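Asker: Compact mmCIF, C-alpha atoms, saved as coords-v9.txt, coming up:
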```txt
# COMPACT_ATOMS: atom_id res chain seq x y z
CA MET A 1 -40.52 -1.21 192.39
CA GLU A 2 -41.67 2.25 193.48
CA ASP A 3 -38.14 3.33 194.44
CA PHE A 4 -36.45 1.54 191.51
CA LEU A 5 -35.55 4.70 189.62
CA ARG A 6 -34.04 6.36 192.69
CA LYS A 7 -31.92 3.30 193.48
CA LEU A 8 -30.83 3.10 189.84
CA LEU A 9 -29.68 6.72 189.76
CA LEU A 10 -27.95 6.51 193.14
CA ALA A 11 -26.02 3.46 191.94
CA GLY A 12 -24.90 5.41 188.89
CA ALA A 13 -23.91 8.36 191.06
CA VAL A 14 -21.78 6.11 193.29
CA ASN A 15 -20.01 4.74 190.21
CA GLU A 16 -19.40 8.28 188.96
CA LEU A 17 -17.88 9.22 192.30
CA ASP A 18 -15.35 6.41 191.89
CA SER A 19 -14.57 7.14 188.23
CA PRO A 20 -12.25 9.79 186.80
CA SER A 21 -13.99 12.84 185.37
CA PRO A 22 -13.41 13.64 181.67
CA HIS A 23 -12.32 17.08 182.90
CA ASP A 24 -9.70 15.75 185.30
CA ASP A 25 -6.16 16.95 184.67
CA PRO A 26 -4.18 13.99 183.23
CA ASP A 27 -0.97 15.38 184.75
CA LYS A 28 -0.81 13.79 188.21
CA THR A 29 2.42 15.52 189.27
CA PRO A 30 2.00 16.52 192.95
CA ARG A 31 1.39 20.26 193.12
CA PHE A 32 -1.02 22.85 194.47
CA ARG A 33 -4.14 23.46 192.37
CA GLY A 34 -6.12 26.50 191.32
CA ALA A 35 -9.23 25.48 193.24
CA ASN A 36 -7.10 25.60 196.43
CA THR A 37 -5.38 28.93 195.70
CA PRO A 38 -4.25 30.45 199.01
CA ASN A 39 -4.59 34.01 200.25
CA PHE A 40 -2.23 34.96 203.09
CA HIS A 41 -3.28 38.37 204.38
CA ASN A 42 -2.01 40.11 207.53
CA GLY A 43 -0.31 36.96 208.78
CA VAL A 44 -3.24 34.55 208.36
CA PHE A 45 -4.76 32.40 205.65
CA THR A 46 -8.19 33.77 204.71
CA VAL A 47 -11.06 31.77 203.23
CA ASP A 48 -14.73 31.97 202.35
CA SER A 49 -15.00 28.29 201.44
CA SER A 50 -13.28 25.14 202.69
CA SER A 51 -11.62 24.45 199.32
CA HIS A 52 -9.21 27.37 199.89
CA CYS A 53 -8.14 26.04 203.29
CA PRO A 54 -4.35 25.50 203.36
CA ARG A 55 -4.79 22.08 204.97
CA GLN A 56 -7.04 21.01 202.12
CA ALA A 57 -4.48 22.38 199.64
CA ILE A 58 -1.67 20.31 201.17
CA ALA A 59 -3.83 17.19 201.50
CA ARG A 60 -4.85 17.42 197.85
CA LYS A 61 -1.22 17.79 196.80
CA HIS A 62 -0.71 14.45 198.59
CA GLY A 63 -3.60 12.90 196.66
CA VAL A 64 -6.34 13.17 199.29
CA SER A 65 -9.47 15.30 198.86
CA GLU A 66 -13.10 15.48 199.91
CA ARG A 67 -15.24 12.85 198.23
CA PRO A 68 -17.96 14.39 196.04
CA THR A 69 -21.59 13.76 196.99
CA VAL A 70 -24.71 13.62 194.83
CA LYS A 71 -25.29 17.22 195.90
CA SER A 72 -21.83 18.36 194.81
CA LEU A 73 -22.02 16.40 191.53
CA LEU A 74 -25.30 18.09 190.61
CA SER A 75 -23.85 21.44 191.63
CA TRP A 76 -20.76 20.82 189.47
CA HIS A 77 -22.84 19.91 186.40
CA TYR A 78 -25.03 22.96 186.97
CA GLY A 79 -21.94 25.16 186.91
CA ARG A 80 -20.38 23.33 183.97
CA SER A 81 -23.50 23.80 181.81
CA TRP A 82 -23.44 27.53 182.57
CA GLU A 83 -19.77 27.69 181.62
CA GLU A 84 -20.46 26.02 178.26
CA LYS A 85 -23.34 28.40 177.56
CA VAL A 86 -21.07 31.39 178.28
CA LYS A 87 -18.52 30.13 175.74
CA GLN A 88 -21.29 29.76 173.14
CA TRP A 89 -22.40 33.35 173.72
CA VAL A 90 -18.85 34.66 173.45
CA SER A 91 -18.41 32.83 170.16
CA ARG A 92 -21.71 34.13 168.81
CA ALA A 93 -21.17 37.76 169.86
CA GLY A 94 -19.51 38.47 166.51
CA TYR A 95 -16.90 40.92 167.86
CA GLN A 96 -14.03 41.42 165.47
CA GLY A 97 -10.65 40.56 167.00
CA LEU A 98 -12.23 38.58 169.84
CA SER A 99 -11.69 34.94 170.76
CA TYR A 100 -11.28 32.82 173.82
CA LEU A 101 -8.21 30.69 174.35
CA GLU A 102 -8.36 26.93 174.68
CA GLU A 103 -7.53 25.20 177.96
CA GLU A 104 -3.83 24.56 177.31
CA GLU A 105 -3.29 28.21 176.38
CA CYS A 106 -5.02 29.23 179.63
CA LEU A 107 -2.56 27.33 181.80
CA VAL A 108 -1.31 29.17 184.88
CA GLU A 109 1.82 27.78 186.53
CA PHE A 110 4.21 28.94 189.21
CA TYR A 111 7.53 27.40 190.16
CA SER A 112 9.18 26.63 193.47
CA PHE A 113 10.59 29.44 195.59
CA VAL A 114 13.50 27.09 196.39
CA ASP A 115 14.07 25.19 193.12
CA ASP A 116 12.91 27.15 190.08
CA THR A 117 12.82 23.99 187.94
CA GLN A 118 10.07 22.43 190.03
CA ARG A 119 6.47 23.37 189.32
CA ILE A 120 4.45 23.80 192.53
CA TYR A 121 1.14 25.28 191.32
CA THR A 122 -1.07 24.97 188.25
CA ALA A 123 -4.49 26.34 187.42
CA ARG A 124 -6.71 27.33 184.51
CA PRO A 125 -9.18 30.20 184.55
CA ASP A 126 -12.66 29.22 183.38
CA LEU A 127 -12.24 31.54 180.40
CA LEU A 128 -9.39 33.60 179.01
CA ILE A 129 -10.62 36.09 176.44
CA SER A 130 -8.37 37.71 173.88
CA TYR A 131 -9.72 40.97 172.44
CA ASN A 132 -7.48 42.89 170.06
CA ASP A 133 -4.33 43.59 172.11
CA HIS A 134 -5.83 42.65 175.47
CA LYS A 135 -6.33 39.43 177.41
CA PHE A 136 -8.50 39.08 180.46
CA PRO A 137 -9.43 36.02 182.51
CA VAL A 138 -12.98 35.30 183.65
CA GLU A 139 -14.05 33.20 186.61
CA ILE A 140 -17.48 31.77 185.77
CA LYS A 141 -19.57 30.97 188.82
CA SER A 142 -23.13 29.74 189.30
CA SER A 143 -25.33 31.17 192.03
CA GLN A 144 -26.92 28.18 193.70
CA SER A 145 -27.87 29.59 197.08
CA GLU A 146 -29.83 32.52 198.43
CA ARG A 147 -26.73 33.94 200.16
CA VAL A 148 -24.47 33.87 197.10
CA ALA A 149 -27.23 35.21 194.82
CA LYS A 150 -27.82 38.15 197.13
CA MET A 151 -24.08 38.84 197.40
CA ALA A 152 -23.46 38.75 193.65
CA PHE A 153 -26.65 40.34 192.33
CA MET A 154 -27.75 42.74 195.08
CA ASP A 155 -24.65 43.58 197.11
CA GLY A 156 -22.56 43.72 193.95
CA TYR A 157 -19.44 41.73 194.77
CA PRO A 158 -18.17 38.16 194.23
CA LYS A 159 -16.86 35.55 196.63
CA LEU A 160 -13.32 35.79 197.91
CA GLY A 161 -12.36 32.46 196.34
CA ALA A 162 -13.21 33.66 192.82
CA ILE A 163 -10.90 36.66 193.21
CA GLU A 164 -8.12 34.50 194.66
CA GLN A 165 -8.19 32.41 191.48
CA LEU A 166 -8.35 35.49 189.22
CA ASN A 167 -5.39 36.96 191.09
CA ALA A 168 -3.20 34.03 190.05
CA ALA A 169 -4.40 34.08 186.44
CA MET A 170 -3.87 37.84 186.13
CA ALA A 171 -0.36 37.55 187.57
CA PHE A 172 0.74 34.76 185.24
CA HIS A 173 -0.82 36.12 182.03
CA GLY A 174 0.12 39.73 182.76
CA CYS A 175 -3.48 40.98 182.78
CA GLU A 176 -4.42 44.27 184.40
CA ALA A 177 -8.17 43.57 184.29
CA ALA A 178 -10.46 40.58 184.74
CA PHE A 179 -14.09 39.68 185.44
CA THR A 180 -16.18 37.40 187.55
CA LEU A 181 -19.42 36.22 185.98
CA TYR A 182 -22.27 34.81 188.04
CA GLY A 183 -25.20 32.98 186.48
CA LEU A 184 -28.51 32.41 188.26
CA MET A 185 -30.72 29.85 186.53
CA HIS A 186 -33.58 29.71 189.02
CA TRP A 187 -35.77 32.11 190.99
CA VAL A 188 -34.50 33.08 194.45
CA LYS A 189 -36.64 34.46 197.26
CA GLY A 190 -35.07 35.31 200.60
CA TYR A 191 -35.00 37.53 203.65
CA ASP A 192 -32.32 40.11 204.47
CA PHE A 193 -31.94 40.12 208.26
CA SER A 194 -29.88 43.34 208.20
CA THR A 195 -32.60 45.36 206.45
CA LYS A 196 -35.51 43.18 207.57
CA GLN A 197 -36.72 43.10 203.98
CA ARG A 198 -37.72 40.23 201.73
CA PHE A 199 -36.10 40.07 198.32
CA SER A 200 -36.60 38.24 195.05
CA ILE A 201 -34.10 37.70 192.23
CA GLN A 202 -35.08 36.30 188.84
CA PRO A 203 -32.85 34.17 186.56
CA ASP A 204 -30.13 36.40 185.19
CA PHE A 205 -26.36 36.93 185.09
CA CYS A 206 -24.12 39.64 186.49
CA THR A 207 -20.48 40.63 186.13
CA HIS A 208 -17.91 42.21 188.45
CA TYR A 209 -14.92 44.16 187.15
CA VAL A 210 -11.53 43.43 188.70
CA THR A 211 -8.33 45.45 188.26
CA ARG A 212 -4.76 45.42 189.54
CA ALA A 213 -3.63 48.48 191.53
CA ASP A 214 -0.11 49.89 191.26
CA ASP A 215 0.84 48.31 194.60
CA GLY A 216 -0.16 44.83 193.36
CA GLY A 217 -3.47 44.78 195.19
CA ILE A 218 -6.74 43.70 193.61
CA LEU A 219 -9.59 46.16 193.28
CA CYS A 220 -13.14 44.96 192.73
CA GLY A 221 -15.42 47.66 191.36
CA GLY A 222 -12.70 50.13 192.31
CA VAL A 223 -12.71 49.04 195.97
CA LYS A 224 -9.58 47.61 197.60
CA THR A 225 -9.78 43.92 198.56
CA ILE A 226 -7.60 41.72 200.78
CA VAL A 227 -6.21 39.94 197.68
CA SER A 228 -2.88 40.96 196.17
CA LEU A 229 0.28 39.70 194.52
CA GLN A 230 1.84 39.64 197.97
CA SER A 231 -0.99 37.61 199.53
CA LEU A 232 -0.66 35.06 196.71
CA SER A 233 3.14 34.76 196.74
CA GLU A 234 3.35 34.61 200.53
CA GLY A 235 0.57 32.02 200.62
CA LEU A 236 2.24 29.77 198.05
CA ALA A 237 5.67 30.18 199.65
CA LEU A 238 4.30 29.24 203.06
CA LEU A 239 2.41 26.23 201.68
CA GLU A 240 5.59 25.01 199.99
CA SER A 241 7.62 25.52 203.17
CA LEU A 242 5.09 23.72 205.39
CA ASP A 243 4.79 20.85 202.93
CA SER A 244 8.58 20.54 202.73
CA ASP A 245 8.76 20.38 206.53
CA GLY A 246 6.03 17.73 206.62
CA VAL A 247 3.63 19.75 208.76
CA MET A 248 0.20 21.33 208.37
CA PRO A 249 -0.51 24.96 209.36
CA THR A 250 -0.99 25.02 213.12
CA GLU A 251 -3.87 27.49 212.99
CA ARG A 252 -7.06 27.21 210.99
CA PRO A 253 -7.85 29.83 208.32
CA VAL A 254 -9.95 32.88 209.12
CA SER A 255 -13.45 33.10 207.58
CA VAL A 256 -13.88 36.50 205.93
CA ASP A 257 -15.33 38.06 202.80
CA LEU A 258 -13.51 39.72 199.92
CA PHE A 259 -12.90 42.90 201.90
CA GLY A 260 -11.82 41.23 205.15
CA LYS A 261 -15.14 41.51 206.96
CA PRO A 262 -15.55 38.51 209.32
CA TYR A 263 -18.27 36.04 208.43
CA SER A 264 -21.06 35.34 210.88
CA TYR A 265 -20.22 31.65 210.60
CA ASN A 266 -17.09 29.51 210.55
CA VAL A 267 -16.29 27.91 207.18
CA CYS A 268 -14.55 25.04 209.01
CA ASN A 269 -17.90 23.84 210.36
CA TYR A 270 -18.93 22.93 206.80
CA CYS A 271 -15.74 21.06 205.90
CA ASP A 272 -15.42 17.27 205.79
CA PHE A 273 -11.99 17.59 207.43
CA ASN A 274 -13.42 19.31 210.52
CA PRO A 275 -13.72 16.14 212.70
CA VAL A 276 -9.99 15.57 212.25
CA CYS A 277 -8.93 19.21 212.60
CA SER A 278 -10.95 19.39 215.83
CA GLN A 279 -8.64 16.81 217.40
CA TYR A 280 -5.78 19.31 217.42
CA GLY A 281 -5.28 22.37 219.58
CA LYS A 282 -4.68 25.83 218.16
CA HIS A 283 -0.88 25.61 218.41
CA ASP A 284 -0.32 21.85 218.05
CA LYS A 285 2.23 20.61 215.57
CA ILE A 286 0.35 18.58 212.95
CA ASP A 287 2.31 15.96 211.02
CA ILE A 288 1.03 15.73 207.43
CA GLU A 289 1.27 11.94 207.16
CA GLU A 290 -0.47 11.48 210.51
CA PHE A 291 -3.18 13.94 209.54
CA ILE A 292 -3.82 12.20 206.20
CA ASP A 293 -3.85 8.74 207.79
CA THR A 294 -6.50 9.97 210.22
CA LEU A 295 -8.52 11.47 207.36
CA LYS A 296 -8.50 8.12 205.59
CA MET A 297 -9.72 6.31 208.69
CA GLU A 298 -12.29 8.78 209.99
CA THR A 299 -13.67 10.72 206.99
CA ASN A 300 -15.00 9.90 203.54
CA VAL A 301 -12.16 11.05 201.29
CA ILE A 302 -10.82 10.14 197.88
CA CYS A 303 -7.24 8.86 197.76
CA GLN A 304 -5.61 9.27 194.35
CA ASN A 305 -2.13 8.02 195.24
```
Represent the supplied structure as structure tokens.
Answerer:
Amino acid sequence: MEDFLRKLLLAGAVNELDSPSPHDDPDKTPRFRGANTPNFHNGVFTVDSSSHCPRQAIARKHGVSERPTVKSLLSWHYGRSWEEKVKQWVSRAGYQGLSYLEEEECLVEFYSFVDDTQRIYTARPDLLISYNDHKFPVEIKSSQSERVAKMAFMDGYPKLGAIEQLNAAMAFHGCEAAFTLYGLMHWVKGYDFSTKQRFSIQPDFCTHYVTRADDGGILCGGVKTIVSLQSLSEGLALLESLDSDGVMPTERPVSVDLFGKPYSYNVCNYCDFNPVCSQYGKHDKIDIEEFIDTLKMETNVICQN
């Protein structure tokens, strides 16, 4: 009986993995999703997490995605609780003329570059605040690792993926400014190998200010990033074209940060799709149906179709 409670909870977790989430989008129309928003910069797709990989974006449009684990479920609930607390604080701030819009009003949608009656992308920012005559989206993130906490709280900038999602929301809602908001709900102690100094960060939150430059580029804290209207539109157009042709991108995305600086590691090595992607050469033609069939046989994925 000593491991009864652990077995009980693991059984419940397995059942949750196979059950629809109350936050799932009821609209199952095949399309690209906000969590997979692409960024096509200088002729390559750029990522700082596997979810923004173009192959994952296409696979999800076809109903196939990474299966959540106990780790990812706990991480998701951690982030969701922080998001709910943020909304409570916004409501209790007491600012005149301020409110946040409900989920349906937050909807971001883009239509096909070929058939403008066909919707190819939908997303919702975590928060869309209306204040007097202004609206600005907010991407609410939780800092759950030493690396992300240091980046957000000490280095002063967010992850690339957060800005990719804000870019789409700003474009659709016509916003010239936005924010990322990172919450840290536990103590972090780490070591900075570049400075050879130990650091400690206490529970807190931090914000990063994002604006749109005249040329369509995104500035974070006044500094130019690799995210822009062009990188979004070209990324979506290429995803739609590849999907229409029935092929995956031949090359893997490039792992970089918000400003284009290469990461010291390859994001692909932490992706569940990597064993399948590794079977193809750099310039091989990859049939989507073949790729997805292999995913179903060789990896632990969820199939929603």
Asker: Would you work out the distance separating atom CA of A:Pro158 from atom CA of A:Cys220, expressed in Å to one decimal?
Answerer: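 If I compute the distance from atom CA of A:Pro158 to atom CA of A:Cys220, I get 8.6 Å.
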Asker: Which residues, written as a PyMOL selection string, have at least one atom at most 9 Å from stretch 288-301 of chain A, with only C-alpha atoms counted and residues fewer than 3 positions away on the same chain left out?
Answerer: chain A and resi 55+58-59+62+64-68+243+246-248+272-273+275-277
Asker: Grab all the atoms of stretch 252-264 of chain A that the file lists, wrap them in a box along x, y and z, add 4 Å per side, and give me centre plus edge lengths in Å (one decimal) as AutoDock Vina command-line options.
Answerer:
```
--center_x -14.1 --center_y 35.1 --center_z 205.5 --size_x 22.0 --size_y 23.7 --size_z 19.1
```
Asker: What is the atom CA of A:Tyr131-atom CA of A:Leu98 distance in Å, reported with one decimal?
Answerer: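 For atom CA of A:Tyr131 relative to atom CA of A:Leu98, the distance reads 4.3 Å.
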Asker: Between atom CA of A:Leu181 and atom CA of A:Thr207, what distance in Å does the model show, to one decimal?
Answerer: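 Separating atom CA of A:Leu181 from atom CA of A:Thr207 is a distance of 4.5 Å.
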Asker: Restricting the calculation to all atoms listed in the file, which member of A:Asp215, A:Asp284, A:Glu164, A:Asp257 is positioned closest to A:Pro38?
Answerer: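 With all atoms listed in the file as the atom set, the closest residue is A:Glu164.
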Asker: With only C-alpha atoms as the basis for distance, which of A:Cys175, A:Ala149, A:Ile140, A:Val210 is at the shortest distance from A:Val86?
Answerer: A:Ile140
Asker: Determine, counting only C-alpha atoms, which protein, DNA and RNA residues have an atom within 8 Å of an atom of A:Gly221; residues of the same chain fewer than 4 positions away are not included. Present the result as a PDB file with C-alpha atoms, in the frame of the given file.
Answerer:
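Final output, saved to result_18.pdb:
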```pdb
ATOM      1  CA  TYR A 157     -19.440  41.730 194.770  1.00  0.00           C
ATOM      2  CA  HIS A 208     -17.910  42.210 188.450  1.00  0.00           C
ATOM      3  CA  TYR A 209     -14.920  44.160 187.150  1.00  0.00           C
ATOM      4  CA  VAL A 210     -11.530  43.430 188.700  1.00  0.00           C
TER       5      VAL A 210
END
```
Asker: Just give me the residues with any atom within 12 Å of (5.0, 25.9, 200.7), file coordinates, counting all atoms listed in the file, written as a ChimeraX atom specification.
Answerer: /A:31-32,37-38,40,54-55,57-58,61,110-115,119-121,232-249
Asker: Include C-alpha atoms and write out the residues we just selected as a JSON list (two decimals), keeping the file's coordinate frame.
Answerer:
```json
[["chain", "number", "residue", "atom", "x", "y", "z"],
["A", 31, "ARG", "CA", 1.39, 20.26, 193.12],
["A", 32, "PHE", "CA", -1.02, 22.85, 194.47],
["A", 37, "THR", "CA", -5.38, 28.93, 195.70],
["A", 38, "PRO", "CA", -4.25, 30.45, 199.01],
["A", 40, "PHE", "CA", -2.23, 34.96, 203.09],
["A", 54, "PRO", "CA", -4.35, 25.50, 203.36],
["A", 55, "ARG", "CA", -4.79, 22.08, 204.97],
["A", 57, "ALA", "CA", -4.48, 22.38, 199.64],
["A", 58, "ILE", "CA", -1.67, 20.31, 201.17],
["A", 61, "LYS", "CA", -1.22, 17.79, 196.80],
["A", 110, "PHE", "CA", 4.21, 28.94, 189.21],
["A", 111, "TYR", "CA", 7.53, 27.40, 190.16],
["A", 112, "SER", "CA", 9.18, 26.63, 193.47],
["A", 113, "PHE", "CA", 10.59, 29.44, 195.59],
["A", 114, "VAL", "CA", 13.50, 27.09, 196.39],
["A", 115, "ASP", "CA", 14.07, 25.19, 193.12],
["A", 119, "ARG", "CA", 6.47, 23.37, 189.32],
["A", 120, "ILE", "CA", 4.45, 23.80, 192.53],
["A", 121, "TYR", "CA", 1.14, 25.28, 191.32],
["A", 232, "LEU", "CA", -0.66, 35.06, 196.71],
["A", 233, "SER", "CA", 3.14, 34.76, 196.74],
["A", 234, "GLU", "CA", 3.35, 34.61, 200.53],
["A", 235, "GLY", "CA", 0.57, 32.02, 200.62],
["A", 236, "LEU", "CA", 2.24, 29.77, 198.05],
["A", 237, "ALA", "CA", 5.67, 30.18, 199.65],
["A", 238, "LEU", "CA", 4.30, 29.24, 203.06],
["A", 239, "LEU", "CA", 2.41, 26.23, 201.68],
["A", 240, "GLU", "CA", 5.59, 25.01, 199.99],
["A", 241, "SER", "CA", 7.62, 25.52, 203.17],
["A", 242, "LEU", "CA", 5.09, 23.72, 205.39],
["A", 243, "ASP", "CA", 4.79, 20.85, 202.93],
["A", 244, "SER", "CA", 8.58, 20.54, 202.73],
["A", 245, "ASP", "CA", 8.76, 20.38, 206.53],
["A", 246, "GLY", "CA", 6.03, 17.73, 206.62],
["A", 247, "VAL", "CA", 3.63, 19.75, 208.76],
["A", 248, "MET", "CA", 0.20, 21.33, 208.37],
["A", 249, "PRO", "CA", -0.51, 24.96, 209.36]]
```
Asker: Find the spatial neighbours of stretch 183-200 of chain A, counting all atoms listed in the file, within a cut-off of 8 Å - ignore same-chain residues fewer than 4 positions away - and output them as a PyMOL selection string.
Answerer: chain A and resi 82+140-146+149+204-206
Asker: List the spatial neighbours of A:Gly174 as a PyMOL selection string - criterion: any atom at most 10 Å away, only C-alpha atoms, same-chain residues fewer than 5 positions off excluded.
Answerer: chain A and resi 134-136+168-169
Asker: If you keep C-alpha atoms, can you produce a file of those selected residues as a compact mmCIF listing (two decimals), in the coordinates of the input?
Answerer:
```txt
# COMPACT_ATOMS: atom_id res chain seq x y z
CA HIS A 134 -5.83 42.65 175.47
CA LYS A 135 -6.33 39.43 177.41
CA PHE A 136 -8.50 39.08 180.46
CA ALA A 168 -3.20 34.03 190.05
CA ALA A 169 -4.40 34.08 186.44
```
Asker: I'd like the contact shell of A:Glu176 - 7 Å cut-off, only C-alpha atoms, skipping same-chain residues fewer than 2 positions apart - returned as a PyMOL selection string.
Answerer: chain A and resi 170+174+211-212
Asker: So which residues fall inside 6 Å of (-9.9, 33.0, 203.8) if we count only C-alpha atoms? Mind giving them as a PDB file with C-alpha atoms, in the frame of the given file?
Answerer:
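Once everything was written out, this is part-v7.pdb:
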```pdb
ATOM      1  CA  PHE A  45      -4.760  32.400 205.650  1.00  0.00           C
ATOM      2  CA  THR A  46      -8.190  33.770 204.710  1.00  0.00           C
ATOM      3  CA  VAL A  47     -11.060  31.770 203.230  1.00  0.00           C
ATOM      4  CA  ASP A  48     -14.730  31.970 202.350  1.00  0.00           C
ATOM      5  CA  PRO A 253      -7.850  29.830 208.320  1.00  0.00           C
ATOM      6  CA  VAL A 254      -9.950  32.880 209.120  1.00  0.00           C
ATOM      7  CA  SER A 255     -13.450  33.100 207.580  1.00  0.00           C
ATOM      8  CA  VAL A 256     -13.880  36.500 205.930  1.00  0.00           C
TER       9      VAL A 256
END
```
